[in-house]
Every structure is written in structure tokens, then in C-alpha cells.
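Written out below as C-alpha cells is the structure these notes cover.
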Amino acid sequence: ALLGSFVATYQVTTPLTRISETARRVANGEFAGKIRVDSRAAEFQDLAESLNHASDAFREKIEELERMTRLQSEFIGNVSHEVRNPIFSISGYLEALGTPGLTDDQRKMYAEKALTNLNRLQNLFNDLIDIARLEYREDLINRSVFDLKDLVNEVAEMLRPKADEKDLDLQADVPQFFVHADRSRIRQVLRNLIENGIAYTDSGSVRCRVHRRLDKVRIEVVDTGQGIDEDHLDRIFERFYRVDPDRSRESGGTGLGLSIVKQILQAHGEDIHVESTKGRGTRFWFELPYEPEPEAKAVEA
């Protein structure tokens, strides 16, 4: 009887001790070990399995929090760097304007340089505000049915002077399709993609193409620019990542445009795609839900 009592006690206390030890390790942030219980009691097996699952879940959450903390620190560091540069430049050019004996041309040059950096700083703050709003306010996407052709033409005409400055052929003659999306946000997407194409293209063209694919409308922005190395393709949608930093800053880029494009489309439940060949250009594309022309829809109803 005594031996039987000892065995029974052992069968209960041993798995409980192992479970307790593992729970203590988990509480201390040690997630490597697993609970292994030899007991035939189903209750102990279930408890051990539950704790193992909880340990895995805790580990994943902590790793994700650590990753987010690193990204946040990097983001803050990048913002600080990006803000300081134009501020120092503005300060330097304004100080230079006070130099005695400057010619009118020199004063004009310094004033223009200061204004360029001021605009760059304003663009950066606008993009940062956009990122924060998109990240924390999903209700900022206000969908409606609109004519995509009108929007493409509107954006193209707005950016045509930039293309003309570089003697680029900006093509945006697209067929009429209606889509269901946030017009102002898709305008932002198109502007970023076309502006990006112009910035990284020295000769040739930047084209916006539109065609229907079943219940979607595909929008493409294709350029004949310098292209992107395959090593960079996976990173171009990261915040502040620049394939060519000097060219980006010369064109007034903040390094946030493509990241915002991705966020806007993800908020629509869509993805942004890219393919590129070094020296032969780049193609971005995304899709939006197709809608029948409003008048035709009303007649059907």
C-alpha cells in the first residue's frame, strides 16, 4: 500500500514539477524548452500542451514587439536625419544671403536653394502625416465610383511640366473605366508612381496604361528609365529606402512615396506589384474593383 501510494504520488508530482519549472522559465522570458510529460493522465497532457502553445504564442508576440521596436527606432532615426539635412541647408543659404557684395544672380540662387529645401521639408512632413493617418485610421479610405480616365488625365496634366523639363514623353491616353475606390487616395498613388517614373528616367517615356481584367481594372505605370537591380526590388517599398539617394533628393523625393502607395492600396485590399530590368525600365501595376458606368447601372436597376 505504501509503495502504491508512493508511485501514485510520483506520477502526480513529477509532471506537475516539470510543468511548474517550464512555466517559471516562460515567465522569465525563456521560451526554448518544451514540457514533456510521461504521465498517462489526459489532464496533465492537456495542461502541458496548452502551456507549450502559450509559450510559442508568447515567444512570437515578444519577437514581433522587439522587431517593431527596432523598426520604430530606425524610423525615428531616419526622420531625424531627413529633417536635419534640409534645415541645415536652409540655415546655410539664408546665412549666405546676408553676405555683403552678392550679385543679384547669387542672391536669386541662394533664395531658390533655400526654397527648394523648404519645399522638401514640407513634403516630408506631409508624407509623415499621411503615414500616421493611414496606419492608425483605416476609416480614411472613402470609396466611391469614379471615372478612372478623368483621374489619370488630371494627374498627367499636373505632372506634364516635370516631364517636359526632361524632354520625356508622358503618355496617358487611356480608355474609360469606372472603379470603386477612394478617388483622392488613388490620385495620390498615381501621382507618386508617375512622379517616380519621371525622376528615374533620363530619356524616352513614362506611360500610364489601363485595361480591364474580369472584375478588376489594372493600372500600369511603365518607364524607360534606369531600372532597378533585383537586389533592391524587395526593399523599395520600405520607408526611407532609396535605390539612388542623390537622384531622389534632387527630384525632391522624401523616400516615403512608395511606402505610402503600398499602404493606400493595402487599405483598399489590393497590392502593388513591380518588375524591372536594369537599364531597360520599370513597370508598376495595381488593380481596383471594376464598376459599370453609373448611368448604365441605374438603367439596369
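Each chain of the C-alpha cells is named A, B, ... in the order shown, its residues numbered from 1; ligands are numbered from 1 in display order.
For Lys162 in chain A, the list of residues within 9 Å, based on only C-alpha atoms and with local chain neighbours fewer than 4 positions off taken out, reads Met158, Lys166, Asp167, Leu168, Glu195, Ile198 and Ala199 of chain A.
The space between CA of Glu287 in chain A and CA of Ala267 in chain A spans 12.9 Å.
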- Message: Ranking A:Leu118, A:Val155, A:Leu148, A:Val189 by minimum distance to Val174 in chain A and counting only C-alpha atoms, which one comes first?
- Response: A:Leu148
- Counting only C-alpha atoms, which of A:Gln266, A:Gln226, A:Asn196, A:Asn153 gets nearest to Val210 in chain A? A:Asn153
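Taking CA of Arg280 in chain A and CA of Asp223 in chain A as endpoints, the distance between them is 8.5 Å.
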- Task: Please provide the set of residues having any atom within 8 Å of Phe177 in chain A, restricted to only C-alpha atoms, with same-chain residues fewer than 6 positions apart removed, written as a count of residues only.
- Result: 9
- Please identify all polymer residues within 12 Å of Asp231 in chain A, counting only C-alpha atoms, omitting same-chain residues fewer than 3 positions from it, and present them as a PyMOL selection string. chain A and resi 227-228+234-236+243+276-278
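Residue neighbourhood of Trp285 in chain A, excluding near-sequence residues (fewer than 4 positions): Val189, Leu190, Leu193, Ile194, Arg207, Cys208, Arg209, Val210, His211, Val217, Arg218, Ile219, Glu220, Val221, Val222, Asp223, Val261, Lys262, Leu265, Glu270, Asp271, Ile272, His273, Val274, Glu275 and Ser276 of chain A, at 12 Å, using only C-alpha atoms.
Taking only C-alpha atoms, the non-local environment of Thr116 in chain A within 9 Å (same-chain residues fewer than 3 positions away omitted) comprises Pro86, Ile90, Ala111, Glu112, Lys113, Asn119, Arg120, Leu121 and Gly252 of chain A.
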Emit the selected residues as a CSV table (one decimal), in the first residue's frame, including N, CA and C atoms.
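To be explicit, this is the file written out as result15.csv:
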chain,number,residue,atom,x,y,z
A,86,PRO,N,17.6,69.2,-44.6
A,86,PRO,CA,17.1,70.5,-45.2
A,86,PRO,C,17.1,71.7,-44.3
A,90,ILE,N,18.8,75.1,-45.4
A,90,ILE,CA,18.0,76.3,-45.3
A,90,ILE,C,18.8,77.4,-44.5
A,111,ALA,N,18.4,82.1,-52.6
A,111,ALA,CA,17.0,82.1,-52.3
A,111,ALA,C,16.2,80.8,-52.9
A,112,GLU,N,16.6,80.5,-54.1
A,112,GLU,CA,15.9,79.3,-54.7
A,112,GLU,C,16.3,78.0,-54.0
A,113,LYS,N,17.6,78.0,-53.7
A,113,LYS,CA,18.1,76.8,-53.0
A,113,LYS,C,17.4,76.6,-51.6
A,119,ASN,N,10.6,73.4,-49.4
A,119,ASN,CA,9.6,72.5,-50.0
A,119,ASN,C,9.8,71.1,-49.7
A,120,ARG,N,11.1,70.7,-49.8
A,120,ARG,CA,11.4,69.3,-49.4
A,120,ARG,C,11.0,68.9,-48.0
A,121,LEU,N,11.2,69.9,-47.1
A,121,LEU,CA,10.9,69.7,-45.7
A,121,LEU,C,9.3,69.6,-45.6
A,252,GLY,N,13.4,66.0,-55.2
A,252,GLY,CA,12.5,66.4,-54.1
A,252,GLY,C,11.9,65.3,-53.4
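Between CA of Phe286 in chain A and CA of Asp164 in chain A lies a distance of 26.0 Å.
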- Item | In range 105-220 of chain A, DSSP helix (DSSP H, G or I) residues written as a ChimeraX atom specification | /A:105-136,138-140,148-165,183-199
- Could you tell me, as a VMD selection string, which residues of range 60-243 of chain A DSSP assigns to strand (DSSP E or B) when given the backbone? chain A and resid 144 to 147 169 to 171 178 to 181 205 to 213 216 to 223
